[in-house]
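Raw contents of data.cif, mmCIF, C-alpha atoms:
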data_input
loop_
_atom_site.group_PDB
_atom_site.id
_atom_site.type_symbol
_atom_site.label_atom_id
_atom_site.label_comp_id
_atom_site.auth_asym_id
_atom_site.auth_seq_id
_atom_site.Cartn_x
_atom_site.Cartn_y
_atom_site.Cartn_z
ATOM 1 C CA MET A 1 56.538 39.471 -37.973
ATOM 2 C CA GLY A 2 53.075 37.855 -38.021
ATOM 3 C CA ILE A 3 51.619 35.482 -35.483
ATOM 4 C CA GLU A 4 50.555 32.118 -36.832
ATOM 5 C CA LYS A 5 46.877 31.365 -36.237
ATOM 6 C CA ARG A 6 45.916 27.705 -36.086
ATOM 7 C CA GLN A 7 42.471 26.573 -37.059
ATOM 8 C CA TYR A 8 42.566 23.608 -34.666
ATOM 9 C CA GLU A 9 43.819 23.623 -31.092
ATOM 10 C CA ARG A 10 46.939 21.601 -30.370
ATOM 11 C CA LEU A 11 46.823 19.418 -27.276
ATOM 12 C CA VAL A 12 49.946 18.710 -25.281
ATOM 13 C CA ILE A 13 49.452 15.301 -23.711
ATOM 14 C CA PRO A 14 51.841 12.592 -22.573
ATOM 15 C CA GLY A 15 51.690 9.460 -24.649
ATOM 16 C CA ASP A 16 53.296 7.104 -27.105
ATOM 17 C CA VAL A 17 52.854 6.564 -30.799
ATOM 18 C CA PHE A 18 54.051 3.492 -32.672
ATOM 19 C CA ILE A 19 54.372 4.289 -36.381
ATOM 20 C CA ASN A 20 54.276 1.425 -38.872
ATOM 21 C CA HIS A 21 56.501 2.234 -41.833
ATOM 22 C CA ARG A 22 57.329 -0.601 -44.212
ATOM 23 C CA GLU A 23 58.921 -3.289 -42.018
ATOM 24 C CA ASN A 24 59.750 -0.974 -39.098
ATOM 25 C CA GLU A 25 57.852 0.099 -36.020
ATOM 26 C CA ILE A 26 59.042 3.542 -34.913
ATOM 27 C CA HIS A 27 58.446 4.502 -31.290
ATOM 28 C CA CYS A 28 57.689 8.196 -30.768
ATOM 29 C CA THR A 29 56.387 10.350 -27.956
ATOM 30 C CA ILE A 30 53.727 12.988 -28.518
ATOM 31 C CA GLU A 31 54.919 16.589 -28.419
ATOM 32 C CA ASN A 32 51.470 17.874 -29.455
ATOM 33 C CA ILE A 33 48.448 16.669 -31.380
ATOM 34 C CA SER A 34 45.442 18.248 -33.065
ATOM 35 C CA ASN A 35 42.445 17.069 -35.079
ATOM 36 C CA TYR A 36 44.508 17.034 -38.291
ATOM 37 C CA GLY A 37 48.042 16.201 -37.250
ATOM 38 C CA ALA A 38 50.686 15.419 -34.680
ATOM 39 C CA TYR A 39 54.215 16.502 -33.870
ATOM 40 C CA LEU A 40 56.184 13.532 -32.581
ATOM 41 C CA LYS A 41 59.606 13.054 -31.010
ATOM 42 C CA VAL A 42 61.381 9.995 -32.427
ATOM 43 C CA GLU A 43 62.751 7.726 -29.705
ATOM 44 C CA ASN A 44 64.851 5.392 -31.894
ATOM 45 C CA VAL A 45 66.274 7.209 -34.904
ATOM 46 C CA SER A 46 67.845 4.080 -36.412
ATOM 47 C CA HIS A 47 64.363 3.024 -37.616
ATOM 48 C CA LEU A 48 63.963 6.189 -39.730
ATOM 49 C CA ASN A 49 66.119 4.774 -42.541
ATOM 50 C CA GLY A 50 64.231 5.002 -45.805
ATOM 51 C CA MET A 51 61.467 7.256 -44.466
ATOM 52 C CA GLU A 52 60.725 10.149 -46.817
ATOM 53 C CA ILE A 53 58.587 13.273 -46.651
ATOM 54 C CA GLY A 54 55.236 12.346 -48.187
ATOM 55 C CA ASP A 55 55.312 8.685 -47.118
ATOM 56 C CA SER A 56 52.011 7.269 -45.912
ATOM 57 C CA VAL A 57 52.073 5.735 -42.439
ATOM 58 C CA SER A 58 49.671 4.113 -40.049
ATOM 59 C CA PHE A 59 50.169 4.274 -36.338
ATOM 60 C CA ARG A 60 48.815 3.334 -32.970
ATOM 61 C CA ILE A 61 48.352 5.993 -30.303
ATOM 62 C CA SER A 62 48.382 5.200 -26.596
ATOM 63 C CA THR A 63 47.914 7.792 -23.841
ATOM 64 C CA PRO A 64 46.318 7.893 -20.421
ATOM 65 C CA ASP A 65 43.812 10.486 -21.716
ATOM 66 C CA ILE A 66 42.921 9.050 -25.148
ATOM 67 C CA ALA A 67 41.575 5.584 -25.907
ATOM 68 C CA GLU A 68 44.079 3.526 -27.930
ATOM 69 C CA ARG A 69 43.314 3.551 -31.627
ATOM 70 C CA GLU A 70 44.770 3.305 -35.112
ATOM 71 C CA LEU A 71 45.364 6.478 -37.143
ATOM 72 C CA SER A 72 46.738 7.074 -40.613
ATOM 73 C CA GLY A 73 48.498 9.971 -42.221
ATOM 74 C CA ARG A 74 51.389 11.279 -44.255
ATOM 75 C CA ILE A 75 54.846 12.437 -43.150
ATOM 76 C CA LEU A 76 54.771 16.203 -43.603
ATOM 77 C CA ARG A 77 58.104 17.224 -42.101
ATOM 78 C CA HIS A 78 61.224 15.782 -40.455
ATOM 79 C CA THR A 79 63.297 18.096 -38.253
ATOM 80 C CA ILE A 80 66.289 17.894 -35.959
ATOM 81 C CA ASP A 81 66.379 20.176 -32.923
ATOM 82 C CA GLN A 82 69.177 20.055 -30.336
ATOM 83 C CA GLY A 83 70.105 16.515 -31.348
ATOM 84 C CA SER A 84 66.545 15.136 -31.142
ATOM 85 C CA GLN A 85 64.560 14.159 -34.223
ATOM 86 C CA TYR A 86 60.907 14.994 -34.796
ATOM 87 C CA LEU A 87 58.223 14.036 -37.304
ATOM 88 C CA ALA A 88 55.190 16.068 -38.264
ATOM 89 C CA VAL A 89 52.331 13.867 -39.471
ATOM 90 C CA TYR A 90 49.260 15.151 -41.307
ATOM 91 C CA PHE A 91 46.204 12.931 -40.785
ATOM 92 C CA PHE A 92 44.204 11.718 -43.794
ATOM 93 C CA GLN A 93 40.981 12.489 -41.947
ATOM 94 C CA GLN A 94 39.937 14.559 -38.962
ATOM 95 C CA TYR A 95 40.172 12.825 -35.595
ATOM 96 C CA THR A 96 38.786 14.008 -32.281
ATOM 97 C CA PHE A 97 40.611 13.469 -29.017
ATOM 98 C CA ASP A 98 37.984 14.020 -26.326
#
So, in terms of structure tokens, how does the structure I just supplied come out?
Amino acid sequence: MGIEKRQYERLVIPGDVFINHRENEIHCTIENISNYGAYLKVENVSHLNGMEIGDSVSFRISTPDIAERELSGRILRHTIDQGSQYLAVYFFQQYTFD
């Protein structure tokens, strides 16, 4: 079994993300984030209706450690783990979180 090597470090920080998808705003919490993507825990799964892998989304990130800003990306993966739902988002451009 091989060990996955990531090109960009993933940061584990507390914070909220509010995804804009069509007419819905989906509240998520950050599980981890890197320069090219984020893994997010969905807080209200009822707003996921109609969301598909590959959909483009914009979202607002708010954490104590990162200045609030708008990001954009594409839904890469949707998973369910122990009853919780998660989204993986791939950013359209590289972001830095210093």
* Specify as a PyMOL selection string each residue included when the PyMOL selection byres ((chain A and resi 26) around 8) is applied to this file. => chain A and resi 18-21+24-25+27-28+42-44+47-48
* Selection: 10 Å around Phe97 (chain A), all atoms listed in the file, excl. self and same-chain fewer than 5 positions, as a VMD selection string -> chain A and resid 11 33 to 35 65 to 67
* Surrounding residues of Tyr86 (chain A) excluding itself and chain neighbours under 3 positions, 6 Å, all atoms listed in the file, as a ChimeraX atom specification -> /A:40-42,78-79
Would you write out those residues with C-alpha atoms, as a PDB file, in the frame of the given file?
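That gives us selection32.pdb:
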ATOM      1  CA  LEU A  40      56.184  13.532 -32.581  1.00  0.00           C
ATOM      2  CA  LYS A  41      59.606  13.054 -31.010  1.00  0.00           C
ATOM      3  CA  VAL A  42      61.381   9.995 -32.427  1.00  0.00           C
ATOM      4  CA  HIS A  78      61.224  15.782 -40.455  1.00  0.00           C
ATOM      5  CA  THR A  79      63.297  18.096 -38.253  1.00  0.00           C
TER       6      THR A  79
END
* Find the residue from A:Gly73, A:Gly54, A:Pro64, A:Gly83 that sits nearest to Pro14 (chain A); use all atoms listed in the file when measuring. => A:Pro64
* **For CA of Asp16 (chain A) and CA of Ser84 (chain A), the interatomic separation in Å (one decimal)** =>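 Separating CA of Asp16 (chain A) from CA of Ser84 (chain A) is a distance of 16.0 Å.
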